[in-house]
$ cat start.txt   # compact mmCIF, C-alpha atoms
# COMPACT_ATOMS: atom_id res chain seq x y z
CA MET A 1 -186.75 175.23 61.14
CA THR A 2 -183.22 174.88 59.88
CA ALA A 3 -182.93 171.21 58.88
CA ALA A 4 -181.97 170.45 55.29
CA PRO A 5 -184.79 169.45 52.90
CA LEU A 6 -185.70 165.80 52.72
CA ILE A 7 -185.28 165.74 48.92
CA SER A 8 -183.72 168.28 46.58
CA LEU A 9 -183.18 167.56 42.90
CA THR A 10 -182.46 169.38 39.66
CA TRP A 11 -183.59 168.24 36.19
CA THR A 12 -182.18 169.37 32.85
CA ASP A 13 -184.42 169.33 29.76
CA HIS A 14 -182.70 167.33 27.02
CA VAL A 15 -184.37 169.45 24.30
CA THR A 16 -183.77 173.04 25.46
CA GLY A 17 -181.25 172.74 28.29
CA ARG A 18 -183.73 174.45 30.62
CA ARG A 19 -183.56 173.41 34.26
CA GLY A 20 -186.27 172.48 36.69
CA HIS A 21 -186.17 171.85 40.43
CA LEU A 22 -188.14 169.88 42.98
CA VAL A 23 -187.65 170.28 46.72
CA VAL A 24 -189.55 168.20 49.27
CA ASP A 25 -189.00 169.87 52.61
CA ARG A 26 -190.98 167.42 54.77
CA LEU A 27 -193.52 164.62 54.41
CA VAL A 28 -196.54 164.07 56.66
CA ARG A 29 -198.24 160.70 56.21
CA GLY A 30 -195.88 160.31 53.29
CA VAL A 31 -197.26 163.31 51.35
CA ALA A 32 -196.15 166.91 50.72
CA SER A 33 -198.00 169.88 49.23
CA GLY A 34 -196.70 172.76 47.13
CA GLY A 35 -197.26 174.42 43.77
CA LEU A 36 -195.21 174.47 40.58
CA ARG A 37 -193.94 177.81 39.31
CA MET A 38 -192.31 178.80 36.03
CA ARG A 39 -190.22 181.92 35.64
CA GLU A 40 -187.00 182.96 33.98
CA GLY A 41 -184.21 182.70 36.54
CA CYS A 42 -185.92 180.31 38.97
CA THR A 43 -183.26 178.72 41.19
CA ALA A 44 -182.92 175.71 43.44
CA GLU A 45 -182.38 178.02 46.41
CA GLU A 46 -185.63 179.84 45.65
CA VAL A 47 -187.55 176.57 45.39
CA ALA A 48 -186.07 175.33 48.67
CA GLY A 49 -187.24 178.47 50.45
CA LEU A 50 -190.71 178.09 48.99
CA ALA A 51 -190.87 174.44 50.06
CA ARG A 52 -189.93 175.39 53.61
CA GLY A 53 -192.67 178.00 53.53
CA MET A 54 -195.19 175.34 52.49
CA THR A 55 -194.28 173.22 55.52
CA MET A 56 -195.03 176.25 57.69
CA LYS A 57 -198.31 177.05 55.94
CA GLU A 58 -199.54 173.50 56.44
CA ALA A 59 -198.63 173.62 60.13
CA LEU A 60 -200.28 177.01 60.68
CA HIS A 61 -203.58 175.71 59.31
CA TYR A 62 -203.53 172.56 61.41
CA ASP A 63 -206.87 172.09 63.19
CA PRO A 64 -207.25 168.82 65.10
CA SER A 65 -211.04 169.08 64.83
CA ALA A 66 -211.01 169.34 61.02
CA ARG A 67 -211.01 166.59 58.40
CA TYR A 68 -208.14 168.31 56.61
CA VAL A 69 -205.00 166.30 57.25
CA PRO A 70 -201.88 168.49 57.44
CA LEU A 71 -199.31 167.61 54.80
CA GLY A 72 -195.61 168.29 54.47
CA GLY A 73 -194.18 171.09 52.34
CA ALA A 74 -192.74 170.89 48.82
CA LYS A 75 -192.29 173.08 45.75
CA GLY A 76 -191.42 172.77 42.09
CA GLY A 77 -189.86 175.39 39.86
CA ILE A 78 -188.82 175.65 36.21
CA ASP A 79 -186.31 178.18 34.91
CA CYS A 80 -188.18 179.35 31.81
CA ASP A 81 -190.24 182.36 30.73
CA PRO A 82 -193.86 181.10 30.72
CA ARG A 83 -194.52 183.31 27.69
CA SER A 84 -191.84 181.53 25.65
CA PRO A 85 -193.04 179.32 22.76
CA GLU A 86 -190.99 176.47 24.25
CA ALA A 87 -192.50 176.79 27.74
CA TYR A 88 -195.32 174.28 27.43
CA GLY A 89 -193.08 171.58 26.00
CA VAL A 90 -190.61 172.13 28.82
CA LEU A 91 -193.44 171.84 31.34
CA VAL A 92 -194.68 168.53 29.91
CA ARG A 93 -191.17 167.04 29.85
CA TYR A 94 -190.54 168.22 33.42
CA LEU A 95 -193.73 166.53 34.59
CA ARG A 96 -192.83 163.33 32.78
CA ALA A 97 -189.53 163.34 34.66
CA MET A 98 -191.30 164.07 37.95
CA ARG A 99 -194.06 161.52 37.39
CA PRO A 100 -192.95 159.10 40.15
CA TYR A 101 -192.96 161.94 42.68
CA VAL A 102 -196.36 163.29 41.61
CA GLU A 103 -197.84 159.81 41.71
CA ARG A 104 -196.55 158.95 45.17
CA PHE A 105 -195.95 161.95 47.40
CA TRP A 106 -195.92 165.43 45.77
CA THR A 107 -199.30 167.16 45.40
CA THR A 108 -198.99 170.30 43.32
CA GLY A 109 -200.91 172.95 41.39
CA GLU A 110 -200.68 176.38 39.87
CA ASP A 111 -198.16 178.95 41.03
CA LEU A 112 -196.35 181.94 39.57
CA GLY A 113 -196.38 181.75 35.76
CA LEU A 114 -198.65 178.71 35.53
CA GLY A 115 -202.43 178.55 35.73
CA GLN A 116 -204.21 175.44 36.95
CA GLU A 117 -205.75 174.77 33.54
CA THR A 118 -202.28 174.66 31.99
CA VAL A 119 -200.97 172.44 34.77
CA ASP A 120 -203.89 170.03 34.37
CA ARG A 121 -203.46 169.83 30.60
CA ALA A 122 -199.73 169.18 30.90
CA MET A 123 -200.33 166.58 33.63
CA ALA A 124 -202.63 164.64 31.33
CA GLU A 125 -200.13 164.84 28.48
CA ALA A 126 -197.42 163.57 30.82
CA GLY A 127 -199.56 160.54 31.67
CA LEU A 128 -200.65 161.68 35.11
CA ASP A 129 -204.17 161.37 36.49
CA SER A 130 -204.24 164.47 38.69
CA SER A 131 -201.86 167.04 40.13
CA VAL A 132 -203.01 165.99 43.63
CA GLN A 133 -203.28 162.22 43.12
CA ALA A 134 -200.68 161.48 45.82
CA VAL A 135 -203.18 162.52 48.48
CA PHE A 136 -205.99 160.27 47.27
CA PRO A 137 -204.97 157.30 49.49
CA LEU A 138 -205.52 159.53 52.54
CA LEU A 139 -209.16 160.24 51.65
CA GLU A 140 -212.13 158.40 53.13
CA ASP A 141 -214.12 158.52 49.88
CA GLU A 142 -211.89 159.31 46.91
CA ALA A 143 -214.70 159.46 44.34
CA ALA A 144 -216.76 161.90 46.40
CA ALA A 145 -213.71 164.02 47.18
CA ARG A 146 -212.65 164.24 43.53
CA LYS A 147 -216.17 165.23 42.48
CA ARG A 148 -216.32 167.85 45.24
CA LEU A 149 -213.04 169.41 44.07
CA ALA A 150 -214.05 169.31 40.41
CA ASP A 151 -217.39 170.92 41.27
CA ALA A 152 -215.59 173.60 43.30
CA PHE A 153 -213.34 174.46 40.36
CA ALA A 154 -216.47 174.93 38.25
CA VAL A 155 -217.94 177.52 40.64
CA GLU A 156 -217.72 181.12 39.44
CA VAL A 157 -218.37 184.34 41.32
CA ASP A 158 -219.02 187.40 39.13
CA GLY A 159 -217.33 185.67 36.21
CA ILE A 160 -214.18 184.57 38.08
CA GLY A 161 -213.50 181.03 39.25
CA LEU A 162 -213.74 180.35 42.96
CA ASP A 163 -210.23 178.84 42.89
CA ALA A 164 -208.88 182.19 41.65
CA LEU A 165 -210.55 184.12 44.47
CA VAL A 166 -209.91 182.27 47.73
CA GLY A 167 -206.19 183.08 47.99
CA GLY A 168 -206.67 186.80 47.44
CA LEU A 169 -209.57 186.85 49.89
CA GLY A 170 -207.17 185.46 52.50
CA VAL A 171 -204.66 188.23 51.77
CA ALA A 172 -207.36 190.88 51.92
CA GLU A 173 -208.73 189.53 55.18
CA SER A 174 -205.27 189.66 56.75
CA VAL A 175 -204.97 193.30 55.73
CA LEU A 176 -208.37 194.08 57.22
CA VAL A 177 -207.40 192.42 60.51
CA ALA A 178 -204.27 194.57 60.71
CA LEU A 179 -206.24 197.73 59.94
CA ASP A 180 -208.95 196.89 62.46
CA ARG A 181 -206.40 196.25 65.21
CA ALA A 182 -204.80 199.61 64.49
CA GLY A 183 -208.16 201.41 64.46
CA ARG A 184 -207.65 202.40 60.85
CA PRO A 185 -210.91 202.94 58.91
CA HIS A 186 -211.22 200.99 55.68
CA ALA A 187 -212.59 203.99 53.80
CA GLY A 188 -209.76 206.29 52.78
CA THR A 189 -207.06 203.64 53.15
CA ARG A 190 -205.06 203.46 49.91
CA VAL A 191 -203.55 200.34 48.40
CA SER A 192 -200.79 199.70 45.86
CA VAL A 193 -200.64 196.22 44.28
CA GLN A 194 -197.70 194.73 42.39
CA GLY A 195 -199.03 192.08 40.03
CA LEU A 196 -202.55 191.53 38.73
CA GLY A 197 -202.38 187.77 38.30
CA THR A 198 -204.56 185.38 40.25
CA MET A 199 -203.50 186.49 43.73
CA GLY A 200 -203.07 190.19 43.08
CA ALA A 201 -206.35 190.58 41.20
CA ALA A 202 -208.40 188.82 43.87
CA THR A 203 -206.71 190.79 46.65
CA ALA A 204 -207.39 194.08 44.85
CA ARG A 205 -211.01 193.07 44.23
CA PHE A 206 -211.75 192.17 47.87
CA LEU A 207 -209.97 195.21 49.30
CA ASP A 208 -211.83 197.45 46.86
CA ARG A 209 -215.12 195.89 47.90
CA ALA A 210 -214.21 196.35 51.58
CA GLY A 211 -214.04 200.10 50.97
CA LEU A 212 -210.31 200.60 50.50
CA THR A 213 -209.04 202.57 47.49
CA VAL A 214 -206.67 200.85 45.08
CA VAL A 215 -204.50 203.68 43.73
CA ALA A 216 -201.81 201.71 41.87
CA VAL A 217 -201.46 198.40 40.03
CA ALA A 218 -198.24 197.15 38.43
CA ASP A 219 -197.74 194.57 35.70
CA VAL A 220 -194.86 193.71 33.35
CA ARG A 221 -195.54 196.84 31.27
CA GLY A 222 -195.37 199.32 34.12
CA THR A 223 -197.47 200.81 36.92
CA VAL A 224 -200.94 202.28 36.44
CA VAL A 225 -201.65 205.01 39.01
CA ASN A 226 -204.66 207.10 39.91
CA PRO A 227 -204.60 208.88 43.31
CA GLY A 228 -208.38 209.08 43.22
CA GLY A 229 -208.73 205.34 42.79
CA LEU A 230 -208.56 202.87 39.92
CA ASP A 231 -211.50 200.97 38.43
CA VAL A 232 -210.39 197.58 39.75
CA GLU A 233 -213.08 195.55 38.01
CA ALA A 234 -212.32 197.13 34.65
CA LEU A 235 -208.60 196.44 35.00
CA ILE A 236 -209.22 192.83 36.00
CA ALA A 237 -211.49 192.36 32.99
CA ALA A 238 -208.82 193.82 30.69
CA ARG A 239 -206.03 191.39 31.68
CA ASP A 240 -204.49 188.81 29.41
CA GLY A 241 -203.62 185.29 30.57
CA HIS A 242 -200.45 186.51 32.28
CA GLY A 243 -202.03 189.40 34.19
CA THR A 244 -201.01 192.19 31.81
CA VAL A 245 -203.60 194.96 31.52
CA ASP A 246 -204.73 196.23 28.12
CA ARG A 247 -203.98 199.96 28.34
CA ALA A 248 -207.04 200.69 26.20
CA ALA A 249 -209.07 200.07 29.35
CA LEU A 250 -207.49 202.99 31.23
CA ARG A 251 -209.71 205.94 32.10
CA PRO A 252 -208.97 209.66 32.02
CA GLY A 253 -207.02 210.31 35.21
CA ASP A 254 -205.21 206.99 35.09
CA ARG A 255 -201.55 207.49 34.31
CA GLU A 256 -198.73 205.14 33.41
CA GLU A 257 -195.50 205.23 35.39
CA PRO A 258 -192.36 203.03 35.44
CA GLY A 259 -192.57 199.40 36.53
CA ASP A 260 -191.16 199.99 40.01
CA ALA A 261 -193.34 203.02 40.79
CA TRP A 262 -195.72 200.81 42.82
CA LEU A 263 -193.11 200.79 45.60
CA ALA A 264 -193.17 204.52 46.24
CA VAL A 265 -196.85 205.30 45.66
CA ASP A 266 -198.48 207.30 48.44
CA ALA A 267 -200.50 204.45 49.99
CA GLU A 268 -200.98 202.93 53.43
CA VAL A 269 -200.98 199.30 52.22
CA LEU A 270 -198.52 197.71 49.83
CA VAL A 271 -199.28 194.30 48.31
CA PRO A 272 -196.37 192.65 46.47
CA ALA A 273 -198.25 189.91 44.59
CA ALA A 274 -195.88 189.02 41.76
CA VAL A 275 -192.31 187.82 42.22
CA SER A 276 -190.01 186.78 45.05
CA TYR A 277 -187.26 189.13 46.29
CA ALA A 278 -189.07 192.26 45.08
CA ILE A 279 -188.20 194.39 48.13
CA ASP A 280 -184.57 194.56 49.20
CA ALA A 281 -182.30 196.78 51.26
CA ALA A 282 -181.68 199.04 48.28
CA ASN A 283 -185.31 199.90 47.48
CA GLN A 284 -187.10 199.56 50.83
CA GLY A 285 -186.38 203.19 51.65
CA ARG A 286 -188.75 204.29 48.89
CA ILE A 287 -191.74 202.65 50.56
CA ARG A 288 -194.25 204.97 52.22
CA ALA A 289 -196.76 202.31 53.24
CA ARG A 290 -197.55 201.40 56.85
CA TRP A 291 -198.38 197.75 56.10
CA ILE A 292 -196.98 195.31 53.55
CA ALA A 293 -199.02 192.16 52.86
CA GLU A 294 -196.92 189.46 51.20
CA ALA A 295 -199.35 188.06 48.63
CA ALA A 296 -196.36 186.69 46.69
CA ASN A 297 -193.96 184.18 48.19
CA MET A 298 -190.81 185.63 49.74
CA PRO A 299 -191.13 189.15 48.26
CA VAL A 300 -189.38 190.96 51.16
CA LEU A 301 -185.77 190.07 51.89
CA PRO A 302 -184.74 189.78 55.58
CA ASP A 303 -182.46 192.83 55.66
CA ALA A 304 -185.21 194.92 54.06
CA GLU A 305 -187.75 193.65 56.59
CA ALA A 306 -185.50 194.67 59.47
CA ALA A 307 -185.04 198.15 58.01
CA LEU A 308 -188.77 198.51 57.39
CA ALA A 309 -189.57 197.45 60.96
CA ALA A 310 -187.19 200.11 62.25
CA ARG A 311 -189.27 202.65 60.32
CA GLY A 312 -192.53 201.34 61.79
CA VAL A 313 -193.64 199.36 58.74
CA THR A 314 -195.37 196.04 59.51
CA VAL A 315 -194.77 193.15 57.12
CA LEU A 316 -197.58 190.60 57.20
CA PRO A 317 -195.67 187.43 56.24
CA ASP A 318 -196.40 185.24 53.26
CA VAL A 319 -196.67 182.02 55.28
CA VAL A 320 -199.77 183.53 56.87
CA VAL A 321 -201.44 185.88 54.41
CA ASN A 322 -201.18 183.93 51.14
CA SER A 323 -201.83 180.49 52.62
CA CYS A 324 -205.52 180.08 51.80
CA THR A 325 -205.18 178.93 48.21
CA ASN A 326 -203.46 175.82 49.49
CA ALA A 327 -205.76 175.42 52.51
CA TRP A 328 -208.90 175.75 50.38
CA TRP A 329 -207.84 172.84 48.16
CA TRP A 330 -207.56 170.60 51.21
CA TRP A 331 -210.65 171.91 53.01
CA THR A 332 -212.58 171.05 49.86
CA LEU A 333 -210.94 167.72 49.10
CA PHE A 334 -211.18 166.42 52.67
CA GLY A 335 -214.75 167.69 53.06
CA ASP A 336 -214.49 170.60 55.50
CA VAL A 337 -216.28 172.77 52.91
CA GLU A 338 -218.48 171.90 49.96
CA ALA A 339 -218.27 173.23 46.40
CA ASP A 340 -219.96 176.44 47.50
CA ALA A 341 -218.62 179.98 47.36
CA ASP A 342 -220.38 181.17 50.50
CA GLN A 343 -218.98 178.25 52.51
CA ALA A 344 -215.51 178.75 51.10
CA PHE A 345 -215.49 182.49 51.73
CA ALA A 346 -216.78 182.07 55.28
CA ARG A 347 -214.10 179.48 56.02
CA VAL A 348 -211.33 181.67 54.59
CA ARG A 349 -212.47 184.72 56.52
CA SER A 350 -212.79 182.80 59.79
CA ALA A 351 -209.44 181.03 59.41
CA MET A 352 -207.51 184.13 58.39
CA ARG A 353 -208.99 186.33 61.09
CA ALA A 354 -208.00 183.77 63.72
CA LEU A 355 -204.54 183.08 62.26
CA THR A 356 -203.58 186.69 61.53
CA GLY A 357 -204.86 187.76 64.95
CA ALA A 358 -202.86 185.00 66.67
CA VAL A 359 -199.67 186.00 64.85
CA LEU A 360 -200.08 189.71 65.60
CA ASP A 361 -200.94 188.94 69.24
CA ARG A 362 -197.81 186.81 69.57
CA ALA A 363 -195.65 189.45 67.88
CA GLU A 364 -196.90 192.13 70.26
CA ALA A 365 -196.55 189.96 73.35
CA ASP A 366 -193.03 188.79 72.48
CA GLY A 367 -191.85 192.07 70.98
CA VAL A 368 -190.87 190.40 67.69
CA LEU A 369 -191.68 190.69 64.01
CA PRO A 370 -194.89 189.00 62.81
CA ARG A 371 -192.76 186.59 60.76
CA THR A 372 -190.87 185.54 63.88
CA ALA A 373 -194.17 185.09 65.70
CA ALA A 374 -195.48 182.90 62.87
CA HIS A 375 -192.35 180.77 63.03
CA ALA A 376 -192.86 180.38 66.80
CA LEU A 377 -196.41 179.13 66.25
CA VAL A 378 -195.11 176.66 63.64
CA ALA A 379 -192.48 175.40 66.11
CA GLU A 380 -195.23 174.70 68.66
CA ARG A 381 -197.52 172.90 66.21
CA LEU A 382 -195.03 170.72 64.36
CA PRO A 383 -194.34 168.38 67.32
CA VAL A 384 -198.08 167.86 67.73
CA ILE A 385 -198.45 167.03 64.05
CA ALA A 386 -195.43 164.73 64.18
CA GLU A 387 -196.81 162.86 67.18
CA ARG A 388 -200.27 162.44 65.69
CA TYR A 389 -199.41 161.71 62.05
CA GLY A 390 -195.68 161.07 61.80
CA TRP A 391 -193.41 163.16 59.61
CA TYR A 392 -189.91 163.10 58.24
$ encode --input "start.txt" --output "structure tokens"
Amino acid sequence: MTAAPLISLTWTDHVTGRRGHLVVDRLVRGVASGGLRMREGCTAEEVAGLARGMTMKEALHYDPSARYVPLGGAKGGIDCDPRSPEAYGVLVRYLRAMRPYVERFWTTGEDLGLGQETVDRAMAEAGLDSSVQAVFPLLEDEAAARKRLADAFAVEVDGIGLDALVGGLGVAESVLVALDRAGRPHAGTRVSVQGLGTMGAATARFLDRAGLTVVAVADVRGTVVNPGGLDVEALIAARDGHGTVDRAALRPGDREEPGDAWLAVDAEVLVPAAVSYAIDAANQGRIRARWIAEAANMPVLPDAEAALAARGVTVLPDVVVNSCTNAWWWWTLFGDVEADADQAFARVRSAMRALTGAVLDRAEADGVLPRTAAHALVAERLPVIAERYGWY
């Protein structure tokens, strides 16, 4: 997939001078899917890469027997610190500027720096009905679908919303598939997680419950380490709205280390779940892990991935492992699952076991990286999608 994006635009806020970007990589049935992120330093190039990744995620989850209609890929990004007092105003003005796109062909939602509640509130203030309203014309029964999605967002599991759990469950399930294929027992396998936001927290929770030991968690204040294992539930409960852990919740034996210490922790599994471009050629040599699961989008740069592969480190690519947040929205909206946690979890586990297994099988058979294998599967599925639904 090397074609230029279908649409790429940059917006400048007339109040603050902040910039925002929208990239529509491809449309299927006239609609594209992809979240909206906010972070200091967000660039058009970054957003374009994320939009291309969304096209691939949609294709990888294509199931001709499902109600879920595959969409194209898109992404939005705003260059602003989400903690800034001006951030919300910038978000609302960005959405007002993007209103024609949201109304017609860009379905979006939470991403790095922005929770869904904040997105929904800003959408309403910008005069928009829903962050996914562009897909409504594709639904058989819009009213029933909207109620199903609203009901699903109201479901909680152990005090955490279902929407905040499904993506991390997908990441965790991909890790478990890789471990099972390698004959690695879950018990005794150590995990280091960068980022305890929505994706990182859910991943840590499900891996912990599967019997793995989370030995390190990093946030903006640094890395919390305990070789004997952290109390994952306590750390999750002690987060603020941006995923920063209140250090008062730390136990004896937990220690604080520098922010990049998560890279070099003695662990078999590394989960970068925060920012893009976190692992590069300069720091990859510090990694001791055997597997890296890309819970964040684009956290491992290509030259770093090549060097890691040469050292026997497997990178489970983002287009596979972190794809279930997006897929769950559409499974729910189109009616493949109901507003039910057991149904949602079963669907995520089944889909991710099949998809991760297919990618690892292809990588082994072709002698290529898992990312290359995922791209090959996308290349096979896109013509089928194009023929059945039309895309451009």
$ atom_distance --input "start.txt" --atom1 "CA of Leu91 in chain A" --atom2 "CA of Val155 in chain A"
26.8 Å
$ residues_around --input "start.txt" --residues "range 54-58 of chain A" --least-positions-apart "4" --cutoff "6 Å" --atoms "only C-alpha atoms" --output "PDB file with C-alpha atoms, in the coordinates of the input"
ATOM      1  CA  PRO A  70    -201.880 168.490  57.440  1.00  0.00           C
ATOM      2  CA  GLY A  72    -195.610 168.290  54.470  1.00  0.00           C
ATOM      3  CA  GLY A  73    -194.180 171.090  52.340  1.00  0.00           C
ATOM      4  CA  VAL A 319    -196.670 182.020  55.280  1.00  0.00           C
ATOM      5  CA  SER A 323    -201.830 180.490  52.620  1.00  0.00           C
ATOM      6  CA  VAL A 378    -195.110 176.660  63.640  1.00  0.00           C
TER       7      VAL A 378
END
$ residues_near_point --input "start.txt" --point "(-209.3, 166.5, 48.5)" --cutoff "12 Å" --atoms "all atoms listed in the file" --output "PyMOL selection string"
chain A and resi 33+67-71+107+130-152+326-339
$ closest_residue --input "start.txt" --among "A:Gly34, A:Gly253, A:Pro5, A:Pro370" --to "Thr314 in chain A" --atoms "only C-alpha atoms"
A:Pro370
$ atom_distance --input "start.txt" --atom1 "CA of Trp391 in chain A" --atom2 "CA of Val24 in chain A"
12.1 Å
$ atom_distance --input "start.txt" --atom1 "CA of Leu382 in chain A" --atom2 "CA of Val313 in chain A"
29.2 Å
$ closest_residue --input "start.txt" --among "A:Arg349, A:Arg239, A:His61, A:Lys75" --to "Gly49 in chain A" --atoms "all atoms listed in the file"
A:Lys75
$ residues_around --input "start.txt" --residues "Gln284 in chain A" --least-positions-apart "6" --cutoff "9 Å" --atoms "only C-alpha atoms" --output "ChimeraX atom specification"
/A:263,300,304-305,307-308
$ decode --input "start.txt" --residues "range 29-37 of chain A" --atoms "all heavy atoms" --output "compact mmCIF listing (two decimals), in the first residue's frame"
# COMPACT_ATOMS: atom_id res chain seq x y z
N ARG A 29 -17.57 2.31 0.54
CA ARG A 29 -18.97 2.76 0.58
C ARG A 29 -19.06 4.23 0.99
O ARG A 29 -20.02 4.65 1.65
CB ARG A 29 -19.80 1.90 1.52
CG ARG A 29 -20.14 0.53 0.93
CD ARG A 29 -21.24 -0.13 1.75
NE ARG A 29 -21.63 -1.40 1.15
CZ ARG A 29 -22.56 -2.19 1.65
NH1 ARG A 29 -23.21 -1.84 2.75
NH2 ARG A 29 -22.87 -3.32 1.06
N GLY A 30 -18.04 4.98 0.67
CA GLY A 30 -18.05 6.41 0.94
C GLY A 30 -17.73 6.80 2.37
O GLY A 30 -17.89 7.96 2.74
N VAL A 31 -17.24 5.85 3.20
CA VAL A 31 -17.02 6.13 4.62
C VAL A 31 -15.63 5.62 5.04
O VAL A 31 -15.15 4.61 4.53
CB VAL A 31 -18.10 5.46 5.50
CG1 VAL A 31 -17.90 5.82 6.97
CG2 VAL A 31 -19.49 5.87 5.05
N ALA A 32 -15.01 6.35 5.97
CA ALA A 32 -13.72 5.94 6.53
C ALA A 32 -13.79 6.00 8.05
O ALA A 32 -14.58 6.76 8.63
CB ALA A 32 -12.60 6.84 6.03
N SER A 33 -12.96 5.20 8.70
CA SER A 33 -12.97 5.08 10.16
C SER A 33 -11.58 5.37 10.71
O SER A 33 -10.57 4.90 10.17
CB SER A 33 -13.40 3.66 10.56
OG SER A 33 -13.19 3.43 11.94
N GLY A 34 -11.53 6.14 11.81
CA GLY A 34 -10.25 6.38 12.47
C GLY A 34 -10.38 7.43 13.55
O GLY A 34 -11.09 8.42 13.40
N GLY A 35 -9.70 7.23 14.66
CA GLY A 35 -9.84 8.10 15.82
C GLY A 35 -9.20 9.47 15.67
O GLY A 35 -8.52 9.77 14.69
N LEU A 36 -9.39 10.27 16.69
CA LEU A 36 -8.84 11.63 16.77
C LEU A 36 -7.92 11.70 17.99
O LEU A 36 -8.36 11.46 19.11
CB LEU A 36 -9.98 12.65 16.89
CG LEU A 36 -9.58 14.09 17.19
CD1 LEU A 36 -8.67 14.66 16.09
CD2 LEU A 36 -10.82 14.96 17.36
N ARG A 37 -6.66 12.02 17.75
CA ARG A 37 -5.71 12.13 18.85
C ARG A 37 -5.33 13.58 19.09
O ARG A 37 -5.44 14.43 18.19
CB ARG A 37 -4.46 11.30 18.58
CG ARG A 37 -3.61 11.73 17.41
CD ARG A 37 -2.28 10.98 17.34
NE ARG A 37 -2.41 9.56 17.63
CZ ARG A 37 -1.38 8.75 17.88
NH1 ARG A 37 -0.14 9.22 17.83
NH2 ARG A 37 -1.57 7.48 18.13
